[in-house]
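Colleague: One structure, as structure tokens, below. Some questions next.
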Amino acid sequence: MRRLEQAAVEAGATWEGLMEHAGLGVAREALRSLGAPVGRRVVVLVGPGNNGGDGLVVARHLHDAGAVVALYLWRRQGAEDDANWQQCRQRGIIEHEAAHDPDLHWLTATLEGTALVVDALLGMGASRHLDPSLAAIVARVNAVRRRARVTADSHPLVVAVDLPTGVQAESGAVLGTALYADLTVATGLPKPGLFAYPGRMYRGHLALAELEIPTHDLEALMSDLLTAAYARSLLPERPLDAHKGSFGKVMVVAGSLRYPGAAFLACAGAARAGAGLVTLAGARTVLGMAARLPEVTVLPLAEGDWGALGPAALEEFGKEVTGYKALVLGPGLGQADSTRAFVERAFGLDTPKTKPRVGFFSSSAEEQPSTSSAVPSLPLTVLDADGLNLLATIDDWSERLPKECFVFTPHPGELRRLLKVESLPEDRLAVVREAAERWGQVVVLKGATTLIAAPDGRLLVHDGANPALATAGTGDVLAGVIGGLLAQGLALYDAAALGVYLHGAAGARVRDDMGEMGTLAGDLLPELPRTIKDLRYAHG
């Protein structure tokens, strides 16, 4: 956004013009939320810099619409050279300096009975903890807003300009404390911190005030929101003359004695996403334990101790998997040594050997396996859960895996293990984009805000926070859904994006029908085809 604003100025726009557009856009959104403005009291919190300048523009427009406006100024200087400030003074708008209100008595009294508070204290450049005097202002507004809610009084509607004060623009980190907004009006483009937690909890509803920035400059950006329209464009066709082979075959390698249900959920997710045929491959004992759809076929694999995949499993797997368009590996698979060896050899990451071999499995039990720089026998693969945990234990895996053949679906802990770091940096967008580019794979970082990154730098943000999805097994369903879409011919990035959207939309249907507590991952399954139907036919 900073680069775009500077480019717009260099192309002939002015900072004053950009500020006018931003302030007018925020004022329009504020008026939509406020309703009839005449006689309603408004407090505009004005800080230094461009964000405060936007706030002065907002104050002017709200005054002109009939509101009774007061300015509360924190460290803003240079009124004589500030055209927007002068226009407020020409209108007789009340103003009060925070420096003259050390105990916040004036602010507290003014907030009582106020219908609207506009937060224009800090913009997107904030990176350090709030100054104590500013933190006190934020805390007082939050307290008044909270008290009014508890007592069922009408509380002031808080509208933040661009970002709530105290939320860091790139990462969503809270800079000590932050102001809770009911509505945030982003200027130009929404900032990443509005979607990343904990900042997401402070933004309220989100609206956009457009700026005079050329459309082609906006379209050149590589991050975007995952919307219904975007997802709809990715839906695979379902021709009338289709048969099961038209929609591809998915093999799911999943489940263990401890987690047999993960195999069922992943298989059901693939089937409900529209795959023509789903096969569950696993240790024979585990297949006997796992509940499964009658439509799902099985591939029993040799097992080792305690139901783990055995040494001979790879050969059985290798004979069958070449006929499949997609592979899902990892949900509930366990981390036994023999399972790790299976993953190493399947992906060509085993230790070198002296004798050559054919394909990706050895021709004899005595022969030591070797490293392979590519695994052409394997289909496009979704690697999830224990598949990722096992991969993280293998040295130099990222240099040896074939590029652009995998969708990784880690939660933050799994991503941390893959990166071999103690904790993830706050800027999750930068982390997931860098990981996708470095590894050459599509990465889906799961969370309340899910991020989908491609090796070429593209990145999608899915703002789908939903407590109903915070339950065991929902990630297994997502892995299966993405695998089912890969089987239908979607590219890695497209399958990941559409899978995340469908999973989130199905979760929203579950929440709306059943609430946020007590829902199960299996509740998503019948909602997936309904979600696809609604998405496909939303516009007739």
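Letters A, B, ... mark the chains of the structure tokens in the order given; residue numbers begin at 1 per chain; ligand numbers begin at 1, in order shown.
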Report the residues of range 12-43 of chain A whose backbone DSSP state falls under alpha helix (DSSP H), written as a list in words.
Modeller: Trp15, Glu16, Gly17, Leu18, Met19, Glu20, His21, Ala22, Gly23, Leu24, Gly25, Val26, Ala27, Arg28, Glu29, Ala30, Leu31, Arg32, Ser33 and Leu34 of chain A
Colleague: Okay, now the selection with C-alpha atoms, as an mmCIF file, in the first residue's frame?
Modeller:
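Wrote it out as result_33.cif, contents follow:
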data_model
loop_
_atom_site.group_PDB
_atom_site.id
_atom_site.type_symbol
_atom_site.label_atom_id
_atom_site.label_comp_id
_atom_site.auth_asym_id
_atom_site.auth_seq_id
_atom_site.Cartn_x
_atom_site.Cartn_y
_atom_site.Cartn_z
ATOM 1 C CA TRP A 15 -1.285 13.400 -1.010
ATOM 2 C CA GLU A 16 -4.095 15.857 -0.276
ATOM 3 C CA GLY A 17 -6.272 14.198 -2.899
ATOM 4 C CA LEU A 18 -5.561 10.701 -1.581
ATOM 5 C CA MET A 19 -6.396 11.900 1.928
ATOM 6 C CA GLU A 20 -9.644 13.469 0.748
ATOM 7 C CA HIS A 21 -10.718 10.257 -0.979
ATOM 8 C CA ALA A 22 -9.808 8.175 2.064
ATOM 9 C CA GLY A 23 -11.592 10.458 4.518
ATOM 10 C CA LEU A 24 -14.692 10.760 2.356
ATOM 11 C CA GLY A 25 -14.862 6.991 1.976
ATOM 12 C CA VAL A 26 -14.574 6.474 5.730
ATOM 13 C CA ALA A 27 -17.218 9.142 6.364
ATOM 14 C CA ARG A 28 -19.655 7.447 3.990
ATOM 15 C CA GLU A 29 -19.204 4.096 5.725
ATOM 16 C CA ALA A 30 -19.551 5.748 9.124
ATOM 17 C CA LEU A 31 -22.799 7.418 8.061
ATOM 18 C CA ARG A 32 -24.169 4.085 6.816
ATOM 19 C CA SER A 33 -23.561 2.616 10.254
ATOM 20 C CA LEU A 34 -24.701 5.670 12.183
#
Colleague: Within 10 Å of Gly480 in chain A, counting only C-alpha atoms, which residues show up once you throw out same-chain ones fewer than 4 positions away? Write them as a list in words, please.
Modeller: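 Surrounding residues, per the criterion: Val250, Met251, Val252, Ala263, Phe264, Leu265, Ala266, Cys267, Ala268, Gly269, Ala270, Ala271, Arg272, Ala273, Ala275, Val278, Leu327, Val328, Leu329, Pro331, Val382, Asp384, Gly475, Asp476, Gly484, Leu485, Leu486 and Gly499 of chain A.
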Colleague: Residues of the last selection are to be written out with C-alpha atoms, as an mmCIF file, in the first residue's frame.
Modeller:
data_model
loop_
_atom_site.group_PDB
_atom_site.id
_atom_site.type_symbol
_atom_site.label_atom_id
_atom_site.label_comp_id
_atom_site.auth_asym_id
_atom_site.auth_seq_id
_atom_site.Cartn_x
_atom_site.Cartn_y
_atom_site.Cartn_z
ATOM 1 C CA VAL A 250 -7.889 -40.634 -5.033
ATOM 2 C CA MET A 251 -5.765 -42.878 -2.850
ATOM 3 C CA VAL A 252 -5.697 -42.037 0.852
ATOM 4 C CA ALA A 263 -8.773 -42.258 7.609
ATOM 5 C CA PHE A 264 -12.564 -42.212 7.383
ATOM 6 C CA LEU A 265 -12.765 -38.412 7.521
ATOM 7 C CA ALA A 266 -10.126 -37.907 4.822
ATOM 8 C CA CYS A 267 -11.749 -40.475 2.505
ATOM 9 C CA ALA A 268 -15.208 -39.029 3.058
ATOM 10 C CA GLY A 269 -13.900 -35.505 2.395
ATOM 11 C CA ALA A 270 -12.478 -36.622 -0.960
ATOM 12 C CA ALA A 271 -15.698 -38.379 -1.917
ATOM 13 C CA ARG A 272 -17.941 -35.494 -0.861
ATOM 14 C CA ALA A 273 -15.764 -33.112 -2.892
ATOM 15 C CA ALA A 275 -13.916 -37.567 -6.689
ATOM 16 C CA VAL A 278 -11.670 -43.139 -3.352
ATOM 17 C CA LEU A 327 -2.747 -39.034 -3.257
ATOM 18 C CA VAL A 328 -3.572 -37.922 0.289
ATOM 19 C CA LEU A 329 -0.976 -39.064 2.820
ATOM 20 C CA PRO A 331 -3.982 -38.067 8.442
ATOM 21 C CA VAL A 382 -1.661 -33.695 -0.353
ATOM 22 C CA ASP A 384 -1.015 -33.623 5.962
ATOM 23 C CA GLY A 475 -8.128 -30.913 9.096
ATOM 24 C CA ASP A 476 -8.463 -34.506 7.911
ATOM 25 C CA GLY A 484 -10.714 -34.940 -4.288
ATOM 26 C CA LEU A 485 -10.366 -31.718 -6.242
ATOM 27 C CA LEU A 486 -6.896 -32.674 -7.481
ATOM 28 C CA GLY A 499 -10.813 -26.831 -0.921
#
Colleague: Return as a Markdown table the residues of range 434-508 of chain A lying at most 9 Å from range 419-428 of chain A, together with the closest atom-to-atom pair for each and the distance in Å to one decimal, counting only C-alpha atoms, with rows in chain order and ascending residue number.
Modeller:
| residue | atom | partner | partner_atom | distance |
| --- | --- | --- | --- | --- |
| A:Ala435 | CA | A:Leu419 | CA | 8.1 |
| A:Leu445 | CA | A:Arg428 | CA | 8.7 |
| A:Leu451 | CA | A:Arg428 | CA | 8.3 |
Colleague: What does the structure give for the distance between CA of Leu175 in chain A and CA of Val444 in chain A, in Å to one decimal?
Modeller: 27.1 Å
Colleague: Using only C-alpha atoms, which protein or nucleic acid residues come within 12 Å of Arg238 in chain A? Drop anything in the same chain fewer than 3 positions from it, and give the result as a list in words.
Modeller: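 Using only C-alpha atoms, the neighbours found are Leu235, Asp241, Ala242, His243, Lys244, Gly245, Ser246, Phe247, Gly274, Ala275, Gly276, Gln488, Gly489, Ile532, Lys533 and Arg536 of chain A.
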Colleague: Do a neighbour search on Ala120 in chain A at 8 Å with only C-alpha atoms, toss out local chain neighbours closer than 5 positions, and write the hits as a PyMOL selection string.
Modeller: chain A and resi 44-47+51-55+160-161+165
Colleague: Using the selection just defined, write its residues with C-alpha atoms as a PDB file, in the first residue's frame.
Modeller:
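Written output follows (again_32.pdb):
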ATOM      1  CA  VAL A  44     -12.940  12.004  16.297  1.00  0.00           C
ATOM      2  CA  LEU A  45      -9.663  10.877  17.874  1.00  0.00           C
ATOM      3  CA  VAL A  46      -6.955  12.567  15.796  1.00  0.00           C
ATOM      4  CA  GLY A  47      -3.297  11.580  15.879  1.00  0.00           C
ATOM      5  CA  ASN A  51      -4.092   8.787   9.555  1.00  0.00           C
ATOM      6  CA  GLY A  52      -4.925  11.803  11.673  1.00  0.00           C
ATOM      7  CA  GLY A  53      -5.324  13.835   8.479  1.00  0.00           C
ATOM      8  CA  ASP A  54      -7.857  11.274   7.246  1.00  0.00           C
ATOM      9  CA  GLY A  55      -9.671  11.723  10.552  1.00  0.00           C
ATOM     10  CA  ALA A 160     -11.344   2.775  12.892  1.00  0.00           C
ATOM     11  CA  VAL A 161      -9.646   4.498   9.974  1.00  0.00           C
ATOM     12  CA  THR A 165      -5.001   1.836  16.987  1.00  0.00           C
TER      13      THR A 165
END
Colleague: Which residues of range 209-265 of chain A come within 7 Å of range 187-199 of chain A, and what is each one's closest atom pair and distance in Å (one decimal), counting only C-alpha atoms, sorted by chain and residue number, as JSON lines?
Modeller:
{"residue": "A:Ala209", "atom": "CA", "partner": "A:Thr187", "partner_atom": "CA", "distance": 4.8}
{"residue": "A:Glu210", "atom": "CA", "partner": "A:Gly188", "partner_atom": "CA", "distance": 4.8}
{"residue": "A:Leu211", "atom": "CA", "partner": "A:Gly188", "partner_atom": "CA", "distance": 5.0}
Colleague: Limited to N, CA and C atoms, could you put the picked residues into a file as a PDB file, in the first residue's frame?
Modeller:
ATOM      1  N   ALA A 209     -12.518   1.894   1.702  1.00  0.00           N
ATOM      2  CA  ALA A 209     -12.577   3.220   1.081  1.00  0.00           C
ATOM      3  C   ALA A 209     -11.555   3.234  -0.051  1.00  0.00           C
ATOM      4  N   GLU A 210     -12.026   3.326  -1.270  1.00  0.00           N
ATOM      5  CA  GLU A 210     -11.133   3.253  -2.415  1.00  0.00           C
ATOM      6  C   GLU A 210     -10.350   4.549  -2.586  1.00  0.00           C
ATOM      7  N   LEU A 211      -9.149   4.421  -3.122  1.00  0.00           N
ATOM      8  CA  LEU A 211      -8.299   5.569  -3.417  1.00  0.00           C
ATOM      9  C   LEU A 211      -8.094   5.691  -4.917  1.00  0.00           C
TER      10      LEU A 211
END
Colleague: Quick one: pull the distance between CA of Trp85 in chain A and CA of Glu170 in chain A, Å, one decimal.
Modeller: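 Spanning CA of Trp85 in chain A to CA of Glu170 in chain A is a straight-line distance of 29.1 Å.
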Colleague: I'd like the contact shell of Ala496 in chain A - 8 Å cut-off, only C-alpha atoms, skipping same-chain residues fewer than 3 positions apart - returned as a PyMOL selection string.
Modeller: chain A and resi 407+442+444+452+482+492-493+499-500
Colleague: Considering only C-alpha atoms, can you say which of A:Thr409, A:Ser256, A:Thr449, A:Gln90 comes closest to Ala385 in chain A?
Modeller: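 Residue with the minimum atom-to-atom distance to Ala385 in chain A: A:Thr409.
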Colleague: Can you pull out every residue within 7 Å of range 297-307 of chain A, counting only C-alpha atoms, but drop anything in the same chain fewer than 4 positions away, and send it as number ranges by chain?
Modeller: A: 256-257, 278-286, 312-313, 316
Colleague: Looking only at strand (DSSP E) from DSSP on the backbone, list the matching residues of range 246-462 of chain A as a PyMOL selection string.
Modeller: chain A and resi 249-253+277-283+297-301+326-329+380-383+406-408+442-445+449-453+459-462
Colleague: List the neighbours of His411 in chain A out to 7 Å using only C-alpha atoms; skip same-chain residues closer than 4 positions along the sequence, and give me the result as a ChimeraX atom specification.
Modeller: /A:415,445-447
Colleague: Quick one, how far is CA of Gln168 in chain A from CA of Gly125 in chain A?
Modeller: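 These two atoms are separated by 7.9 Å.
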Colleague: Here is a test: counting only C-alpha atoms, which residue of A:Ala454, A:Met124, A:Leu314, A:Cys88 is nearest to His63 in chain A?
Modeller: A:Cys88
Colleague: Looking at A:Phe406, A:Tyr501, A:Tyr202, A:Trp439, which one is nearest to Ala228 in chain A, with distances taken over only C-alpha atoms?
Modeller: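 Checking each candidate against Ala228 in chain A, we get A:Tyr501 as the closest.
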